[in-house]
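A.B. asks: Below is one structure. I have some questions about it.
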Amino acid sequence: MKKLWVLMCALVLAVGLLAAGCGGDTGKKDAGAAAKPAKKELLVGTEPSFAPFEFPKENSKEFTGFDIELIQAMAKDMGYEKCTIVNMGFDALIPALDAGNIDAAIAGMTITDERAKKVNFSQPYYKSGLTVLVRKEDATIKSIDDLKGKKIAVQLGTTGAMRAEKVEGAKVTTFNTNDLACIELKNKSVDAVIGDLPVEQYFLKNGGSAYAKIVGQPLTSENYGIAVAKKNTELAKNMDKSLENLKKNGQFDKLYQKWFGVSK
Ligand code: ARG
């Protein structure tokens, strides 16, 4: 009898450890949760220099941020035992989905018509937009209208890059990360950066305001979505179901509050 008891305790512990594998919250599983996936591991691509959505954890090889904790919670909700984050260039995410090298991409990725032809997007999970960042002492650039013929830095393959290309006579330079674009601004090699508003705001709050500021109104209204391969309609459906579950059980709000300091 005693032996059986020890065995049961060990079993409970093992299951608990397995469930904790993907980190995140310990919210209750909803009745409407997706059926257990055939694969045990969810491989998620991201470009992790995009705080507060995805960025390196201090003194660790791991990544953190709203997107990271959201996808970890979703993977758990969908029944995956493990959720592995794969670091790659932003412009490599859609090709990697296509090639089947990753199952999903979460990277503050804006849902656009062009991208939606290549991948399946989840329902929108975050409302964003683009903004213009200039040097603090610059009194000549007050909005995007003042960027004609100027030098603009952007991150490769982003909606910010697409918007910059439309500015008349502008010289647009692309960088692998938004951070590198901001360094160019600091070095006075460019006049402005066009990037995502919440990311530039976070950057200003965490030291960037020493040399940079945001000018003008947000340029666009954009929605972030989680991308999965075009052929993987099953996973796309499960992503939506899981997002809904996390919204219902309060986990989504909790993460939103944690990372943005306001409730959704
Ligand atoms: N929202 C923009 C886009 O979709 C920028 C996203 C960049 N994301 C990143 N993790 N670096 O184009």
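Letters A, B, ... mark the chains of the structure tokens in the order given; residue numbers begin at 1 per chain; ligand numbers begin at 1, in order shown.
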Could you produce a table of the residues of chain A lying within 9 Å of ligand 1, with the nearest pair of atoms per residue and their separation in Å rounded to one decimal, using only C-alpha atoms and all ligand atoms, ordered by chain and increasing residue number, as CSV?
C.D. replies:
```
residue,atom,partner,partner_atom_place_in_ligand_line,distance
A:Thr46,CA,ligand 1,10 (N),5.9
A:Glu47,CA,ligand 1,10 (N),4.2
A:Pro48,CA,ligand 1,10 (N),5.5
A:Ser49,CA,ligand 1,11 (N),5.8
A:Phe50,CA,ligand 1,10 (N),4.9
A:Ala51,CA,ligand 1,10 (N),8.2
A:Phe53,CA,ligand 1,10 (N),7.3
A:Glu54,CA,ligand 1,10 (N),6.5
A:Phe55,CA,ligand 1,10 (N),8.5
A:Gly89,CA,ligand 1,11 (N),7.8
A:Phe90,CA,ligand 1,11 (N),5.6
A:Asp91,CA,ligand 1,12 (O),8.9
A:Ile106,CA,ligand 1,10 (N),7.6
A:Ala107,CA,ligand 1,10 (N),3.9
A:Gly108,CA,ligand 1,8 (N),4.8
A:Met109,CA,ligand 1,4 (O),3.6
A:Thr110,CA,ligand 1,4 (O),3.7
A:Ile111,CA,ligand 1,4 (O),7.0
A:Thr112,CA,ligand 1,4 (O),8.0
A:Ser128,CA,ligand 1,1 (N),7.6
A:Gly129,CA,ligand 1,1 (N),7.6
A:Leu130,CA,ligand 1,1 (N),8.0
A:Gln155,CA,ligand 1,7 (C),7.3
A:Leu156,CA,ligand 1,12 (O),8.5
A:Gly157,CA,ligand 1,12 (O),6.3
A:Thr158,CA,ligand 1,12 (O),3.1
A:Thr159,CA,ligand 1,12 (O),3.8
A:Gly160,CA,ligand 1,12 (O),6.3
A:Ala161,CA,ligand 1,12 (O),7.7
A:Met162,CA,ligand 1,12 (O),8.3
A:Asn176,CA,ligand 1,11 (N),8.4
A:Thr177,CA,ligand 1,11 (N),6.2
A:Asn178,CA,ligand 1,11 (N),6.7
A:Gly195,CA,ligand 1,5 (C),6.9
A:Asp196,CA,ligand 1,1 (N),5.9
A:Glu222,CA,ligand 1,1 (N),7.5
A:Asn223,CA,ligand 1,1 (N),8.0
A:Tyr224,CA,ligand 1,1 (N),6.7
A:Gly225,CA,ligand 1,4 (O),8.9
```
A.B. asks: As an MDAnalysis selection string, please: every residue in region 56-195 of chain A that DSSP puts in strand (DSSP E or B).
C.D. replies: chainID A and resid 56 63:64 82:87 104:105 110 119:121 126:128 130:135 151:155 171:175 192:195
A.B. asks: What does the file look like for those residues with C-alpha atoms, as a PDB file, in the first residue's frame?
C.D. replies:
```pdb
ATOM      1  CA  PRO A  56      16.778  38.528 -24.443  1.00  0.00           C
ATOM      2  CA  PHE A  63      13.959  35.287 -24.451  1.00  0.00           C
ATOM      3  CA  THR A  64      11.100  37.062 -22.781  1.00  0.00           C
ATOM      4  CA  LYS A  82       7.422  22.026 -24.986  1.00  0.00           C
ATOM      5  CA  CYS A  83       7.566  25.411 -26.674  1.00  0.00           C
ATOM      6  CA  THR A  84      10.902  26.232 -28.242  1.00  0.00           C
ATOM      7  CA  ILE A  85      11.758  29.731 -29.388  1.00  0.00           C
ATOM      8  CA  VAL A  86      13.935  29.966 -32.491  1.00  0.00           C
ATOM      9  CA  ASN A  87      15.887  33.168 -33.126  1.00  0.00           C
ATOM     10  CA  ALA A 104       4.608  29.372 -35.960  1.00  0.00           C
ATOM     11  CA  ALA A 105       6.030  32.878 -35.888  1.00  0.00           C
ATOM     12  CA  THR A 110       1.636  43.068 -38.642  1.00  0.00           C
ATOM     13  CA  VAL A 119       0.760  32.538 -44.372  1.00  0.00           C
ATOM     14  CA  ASN A 120      -2.246  31.973 -42.124  1.00  0.00           C
ATOM     15  CA  PHE A 121      -2.626  34.626 -39.451  1.00  0.00           C
ATOM     16  CA  TYR A 126      -2.339  43.528 -30.393  1.00  0.00           C
ATOM     17  CA  LYS A 127      -3.218  46.903 -31.909  1.00  0.00           C
ATOM     18  CA  SER A 128      -0.171  48.820 -33.041  1.00  0.00           C
ATOM     19  CA  LEU A 130       4.069  53.122 -36.941  1.00  0.00           C
ATOM     20  CA  THR A 131       5.798  56.227 -35.659  1.00  0.00           C
ATOM     21  CA  VAL A 132       8.700  58.543 -36.512  1.00  0.00           C
ATOM     22  CA  LEU A 133      11.692  58.773 -34.191  1.00  0.00           C
ATOM     23  CA  VAL A 134      14.188  61.661 -34.508  1.00  0.00           C
ATOM     24  CA  ARG A 135      17.042  63.090 -32.449  1.00  0.00           C
ATOM     25  CA  LYS A 151      17.853  59.767 -44.472  1.00  0.00           C
ATOM     26  CA  ILE A 152      15.658  57.175 -42.784  1.00  0.00           C
ATOM     27  CA  ALA A 153      16.717  53.971 -40.989  1.00  0.00           C
ATOM     28  CA  VAL A 154      14.359  50.994 -40.729  1.00  0.00           C
ATOM     29  CA  GLN A 155      14.347  47.293 -39.916  1.00  0.00           C
ATOM     30  CA  LYS A 171      17.293  57.688 -48.661  1.00  0.00           C
ATOM     31  CA  VAL A 172      16.233  54.553 -46.801  1.00  0.00           C
ATOM     32  CA  THR A 173      18.796  52.300 -45.125  1.00  0.00           C
ATOM     33  CA  THR A 174      17.723  48.908 -43.803  1.00  0.00           C
ATOM     34  CA  PHE A 175      19.129  47.176 -40.731  1.00  0.00           C
ATOM     35  CA  ALA A 192      14.947  59.475 -38.520  1.00  0.00           C
ATOM     36  CA  VAL A 193      13.796  55.936 -37.771  1.00  0.00           C
ATOM     37  CA  ILE A 194      10.373  54.636 -38.760  1.00  0.00           C
ATOM     38  CA  GLY A 195       9.250  51.790 -36.529  1.00  0.00           C
TER      39      GLY A 195
END
```
A.B. asks: Name the closest residue to Phe260 (chain A) among the candidates A:Asp103, A:Asp145, A:Glu165, A:Asp67; distances are taken between atoms, counting only C-alpha atoms.
C.D. replies: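 Checking each candidate against Phe260 (chain A), we get A:Asp67 as the closest.
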A.B. asks: Please, which residues of region 145-187 of chain A, numbered as in this document, come out alpha helix (DSSP H) from DSSP, as a PyMOL selection string?
C.D. replies: chain A and resi 159-165+178-186
A.B. asks: Got time to write the residues from that selection, all heavy atoms, as a short mmCIF file (atom, residue, chain, number, x, y, z; two decimals), in the first residue's frame?
C.D. replies:
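Result written to selection.cif:
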```
data_model
loop_
_atom_site.label_atom_id
_atom_site.label_comp_id
_atom_site.auth_asym_id
_atom_site.auth_seq_id
_atom_site.Cartn_x
_atom_site.Cartn_y
_atom_site.Cartn_z
N THR A 159 6.96 46.67 -41.89
CA THR A 159 6.01 47.65 -42.40
C THR A 159 6.62 49.06 -42.33
O THR A 159 6.29 49.91 -43.16
CB THR A 159 4.68 47.60 -41.61
OG1 THR A 159 5.00 47.60 -40.21
CG2 THR A 159 3.89 46.36 -41.93
N GLY A 160 7.50 49.27 -41.36
CA GLY A 160 8.19 50.56 -41.26
C GLY A 160 9.05 50.80 -42.50
O GLY A 160 9.12 51.92 -43.02
N ALA A 161 9.71 49.74 -42.97
CA ALA A 161 10.53 49.84 -44.17
C ALA A 161 9.67 50.18 -45.38
O ALA A 161 10.03 51.02 -46.20
CB ALA A 161 11.27 48.52 -44.39
N MET A 162 8.49 49.54 -45.44
CA MET A 162 7.59 49.79 -46.58
C MET A 162 7.09 51.24 -46.56
O MET A 162 7.02 51.90 -47.59
CB MET A 162 6.40 48.84 -46.52
CG MET A 162 6.78 47.40 -46.83
SD MET A 162 5.37 46.33 -46.54
CE MET A 162 6.13 45.02 -45.65
N ARG A 163 6.79 51.73 -45.37
CA ARG A 163 6.30 53.11 -45.25
C ARG A 163 7.39 54.10 -45.64
O ARG A 163 7.15 55.09 -46.33
CB ARG A 163 5.81 53.37 -43.82
CG ARG A 163 5.21 54.74 -43.58
CD ARG A 163 3.92 54.93 -44.39
NE ARG A 163 3.43 56.30 -44.36
CZ ARG A 163 3.84 57.27 -45.17
NH1 ARG A 163 4.80 57.02 -46.07
NH2 ARG A 163 3.34 58.48 -45.09
N ALA A 164 8.62 53.83 -45.21
CA ALA A 164 9.74 54.73 -45.49
C ALA A 164 9.98 54.84 -47.00
O ALA A 164 10.29 55.91 -47.51
CB ALA A 164 10.99 54.24 -44.77
N GLU A 165 9.81 53.71 -47.69
CA GLU A 165 10.04 53.70 -49.14
C GLU A 165 9.09 54.65 -49.88
O GLU A 165 9.35 55.07 -50.99
CB GLU A 165 9.86 52.28 -49.71
CG GLU A 165 10.95 51.29 -49.31
CD GLU A 165 12.34 51.64 -49.83
OE1 GLU A 165 12.46 52.52 -50.71
OE2 GLU A 165 13.31 51.03 -49.32
N ASN A 178 15.75 46.77 -35.18
CA ASN A 178 15.33 48.13 -34.88
C ASN A 178 16.39 48.82 -34.02
O ASN A 178 16.64 50.02 -34.17
CB ASN A 178 13.98 48.09 -34.15
CG ASN A 178 13.45 49.47 -33.84
OD1 ASN A 178 13.09 50.23 -34.73
ND2 ASN A 178 13.45 49.82 -32.56
N ASP A 179 17.03 48.06 -33.14
CA ASP A 179 18.08 48.62 -32.28
C ASP A 179 19.21 49.22 -33.11
O ASP A 179 19.72 50.30 -32.82
CB ASP A 179 18.70 47.53 -31.38
CG ASP A 179 17.68 46.96 -30.41
OD1 ASP A 179 16.64 47.59 -30.23
OD2 ASP A 179 17.95 45.87 -29.87
N LEU A 180 19.60 48.50 -34.17
CA LEU A 180 20.68 48.99 -35.03
C LEU A 180 20.26 50.27 -35.75
O LEU A 180 21.06 51.19 -35.91
CB LEU A 180 21.08 47.91 -36.05
CG LEU A 180 21.86 46.72 -35.48
CD1 LEU A 180 22.05 45.64 -36.54
CD2 LEU A 180 23.21 47.17 -34.93
N ALA A 181 18.99 50.33 -36.14
CA ALA A 181 18.47 51.54 -36.79
C ALA A 181 18.56 52.72 -35.82
O ALA A 181 18.94 53.83 -36.21
CB ALA A 181 17.02 51.31 -37.25
N CYS A 182 18.25 52.47 -34.55
CA CYS A 182 18.29 53.53 -33.53
C CYS A 182 19.73 54.00 -33.27
O CYS A 182 19.97 55.18 -33.02
CB CYS A 182 17.64 53.07 -32.23
SG CYS A 182 15.87 52.88 -32.41
N ILE A 183 20.68 53.07 -33.36
CA ILE A 183 22.08 53.45 -33.16
C ILE A 183 22.53 54.39 -34.29
O ILE A 183 23.26 55.35 -34.06
CB ILE A 183 22.98 52.18 -33.08
CG1 ILE A 183 22.69 51.46 -31.76
CG2 ILE A 183 24.46 52.53 -33.19
CD1 ILE A 183 23.34 50.11 -31.62
N GLU A 184 22.04 54.13 -35.49
CA GLU A 184 22.37 55.02 -36.61
C GLU A 184 21.86 56.43 -36.36
O GLU A 184 22.49 57.41 -36.72
CB GLU A 184 21.73 54.48 -37.91
CG GLU A 184 22.40 53.27 -38.46
CD GLU A 184 23.82 53.53 -38.90
OE1 GLU A 184 24.02 54.22 -39.92
OE2 GLU A 184 24.74 53.03 -38.23
N LEU A 185 20.71 56.50 -35.72
CA LEU A 185 20.12 57.81 -35.39
C LEU A 185 21.01 58.51 -34.36
O LEU A 185 21.32 59.69 -34.49
CB LEU A 185 18.70 57.61 -34.83
CG LEU A 185 17.95 58.89 -34.49
CD1 LEU A 185 17.54 59.63 -35.75
CD2 LEU A 185 16.69 58.57 -33.66
N LYS A 186 21.43 57.75 -33.39
CA LYS A 186 22.30 58.28 -32.34
C LYS A 186 23.61 58.81 -32.94
O LYS A 186 24.09 59.88 -32.59
CB LYS A 186 22.58 57.17 -31.32
CG LYS A 186 23.36 57.65 -30.12
CD LYS A 186 23.60 56.52 -29.14
CE LYS A 186 24.23 57.05 -27.87
NZ LYS A 186 24.49 55.98 -26.93
#
```
A.B. asks: Which residues, written as a VMD selection string, have at least one atom at most 12 Å from Lys258 (chain A), with only C-alpha atoms counted and residues fewer than 4 positions away on the same chain left out?
C.D. replies: chain A and resid 52 to 53 65 to 67 69 to 70 251 to 254 262 to 264
A.B. asks: Determine the nearest neighbour of Ala92 (chain A) from the options A:Gly261, A:Gly45, A:Pro124, A:Gly79, counting only C-alpha atoms.
C.D. replies: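 Once distances to Ala92 (chain A) are computed over only C-alpha atoms, the minimum belongs to A:Gly45.
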